[in-house]
Amino acid sequence: METLQRNLDFVRDLIWGPWLLIPLLLGTGIFLTFRLRGIQFRLFTKAMSLGFGRRSRATGEKGDISSFAAMSTALAATVGTGNIVGVAAAMSIGGPGALFWMWVTGVLGMASKYSEAFLGVRFRTRDAKGEISGGPQYYLFRGIPNGFGKFLSLFFAIAAVLASFGIGNMTQGNAIASNLEHTFNVSPVITAVVLAVGTGLALLGGIQSIAKVTTYMVPLMIVLYIGSGLYIIGVNFQGIPESLRLIL
């Protein structure tokens, strides 16, 4: 077990160290921000308008779900593990200054996310059932029409499956089970069964079913998340100046 832990620590430090993934994320965000002429700032209002209901009919192309449902599906994996557990873990390890760099990375990452979404739409296709299929594995395969593109597509698909356990299901399931057990004394077994059944019901219906669930759940999650955050800030407003000083 100790050998496995050392190997995992070595891979973690290599991937998330100062020479690989972090400069790639920041560097790509900076490059795309300049290359797209600050699209996350120029078209922010239009993006919000499209995301919250109004759809562009310029091309006549229709998707399987609405823009709002698509946005809710994307946010479903962000609000919670990423914004709450991830931020808390980062600040406990790296201090208040970690929040500043998350702000910077988030602003630059908007250009990266736009590029991902654009490529996903540009190279999407329809399967045998007539349903839309897209994503990185598709635009890597179709956008780079050679052996390297096929390799990247296959590698991403395999990595996504593996990552869904390590940084997705395990992290989220553990966070939910631990909090329920420590706060309300709910057995992790009960939590696991409820989560498995609920997730299965949502996934088995395909993207339509997932979109219906996220359309109702995500707005509630965001309202509770932002409302709770504003409440905590409000009752501790006297510490705001000192908090900003520590962060900056």
# chains A, B, ... in the order shown; residues from 1 in each chain; ligands from 1

call {"tool": "residues_around", "arguments": {"residues": "segment 31-42 of chain A", "least_positions_apart": "5", "cutoff": "9 Å", "atoms": "only C-alpha atoms", "output": "VMD selection string"}}
result
chain A and resid 26 47 107 to 112 114 to 115

call {"tool": "residues_around", "arguments": {"residues": "segment 148-153 of chain A", "least_positions_apart": "3", "cutoff": "12 Å", "atoms": "only C-alpha atoms", "output": "ChimeraX atom specification"}}
result
/A:134-145,156-160

call {"tool": "atom_distance", "arguments": {"atom1": "atom CA of Gly166 of chain A", "atom2": "atom CA of Ile190 of chain A"}}
result
21.3 Å

call {"tool": "atom_distance", "arguments": {"atom1": "atom CA of Asn185 of chain A", "atom2": "atom CA of Met217 of chain A"}}
result
24.4 Å

call {"tool": "select_by_dssp", "arguments": {"residues": "segment 23-212 of chain A", "states": "alpha helix (DSSP H)", "output": "ChimeraX atom specification"}}
result
/A:23-35,39-42,44-51,67-76,87-94,97-122,136-143,147-163,170-184,188-203,206-212

call {"tool": "atom_distance", "arguments": {"atom1": "atom CA of Thr105 of chain A", "atom2": "atom CA of Ala88 of chain A"}}
result
16.4 Å

call {"tool": "residues_around", "arguments": {"residues": "Asn169 of chain A", "least_positions_apart": "4", "cutoff": "12 Å", "atoms": "only C-alpha atoms", "output": "short mmCIF file (atom, residue, chain, number, x, y, z; two decimals) with C-alpha atoms, in the first residue's frame"}}
result
data_model
loop_
_atom_site.label_atom_id
_atom_site.label_comp_id
_atom_site.auth_asym_id
_atom_site.auth_seq_id
_atom_site.Cartn_x
_atom_site.Cartn_y
_atom_site.Cartn_z
CA ALA A 77 -20.50 18.74 -12.21
CA THR A 81 -17.16 19.30 -5.69
CA ALA A 160 -12.18 10.24 -18.96
CA VAL A 161 -13.46 6.86 -17.78
CA LEU A 162 -10.60 6.52 -15.28
CA ALA A 163 -10.94 10.13 -14.12
CA SER A 164 -14.67 9.69 -13.52
CA PHE A 165 -13.78 7.43 -10.61
CA GLY A 173 -19.68 10.32 -3.17
CA ASN A 174 -17.15 10.54 -0.36
CA ALA A 175 -17.94 14.19 0.32
CA ILE A 176 -21.69 13.52 0.49
CA ALA A 177 -21.38 10.35 2.60
CA ALA A 192 -24.41 4.89 -1.37
CA LEU A 195 -26.99 7.86 -4.74
CA ALA A 196 -26.65 4.75 -6.92
CA THR A 199 -27.91 8.38 -10.50
#

call {"tool": "residues_around", "arguments": {"residues": "Ala202 of chain A", "least_positions_apart": "4", "cutoff": "10 Å", "atoms": "only C-alpha atoms", "output": "MDAnalysis selection string"}}
result
chainID A and resid 197:198 206:214

call {"tool": "closest_residue", "arguments": {"among": "A:Met102, A:Val186, A:Ala76, A:Leu119", "to": "Ile22 of chain A", "atoms": "only C-alpha atoms"}}
result
A:Met102

call {"tool": "closest_residue", "arguments": {"among": "A:Leu244, A:Leu20, A:Met71, A:Leu4", "to": "Met48 of chain A", "atoms": "only C-alpha atoms"}}
result
A:Met71

call {"tool": "residues_around", "arguments": {"residues": "Gly97 of chain A", "least_positions_apart": "2", "cutoff": "12 Å", "atoms": "only C-alpha atoms", "output": "list in words"}}
result
Val87, Ala90, Met91, Ser92, Ile93, Gly94, Gly95, Leu99, Phe100, Trp101, Met102, Trp103, Val104, Ser243, Leu244, Arg245, Leu246, Ile247 and Leu248 of chain A
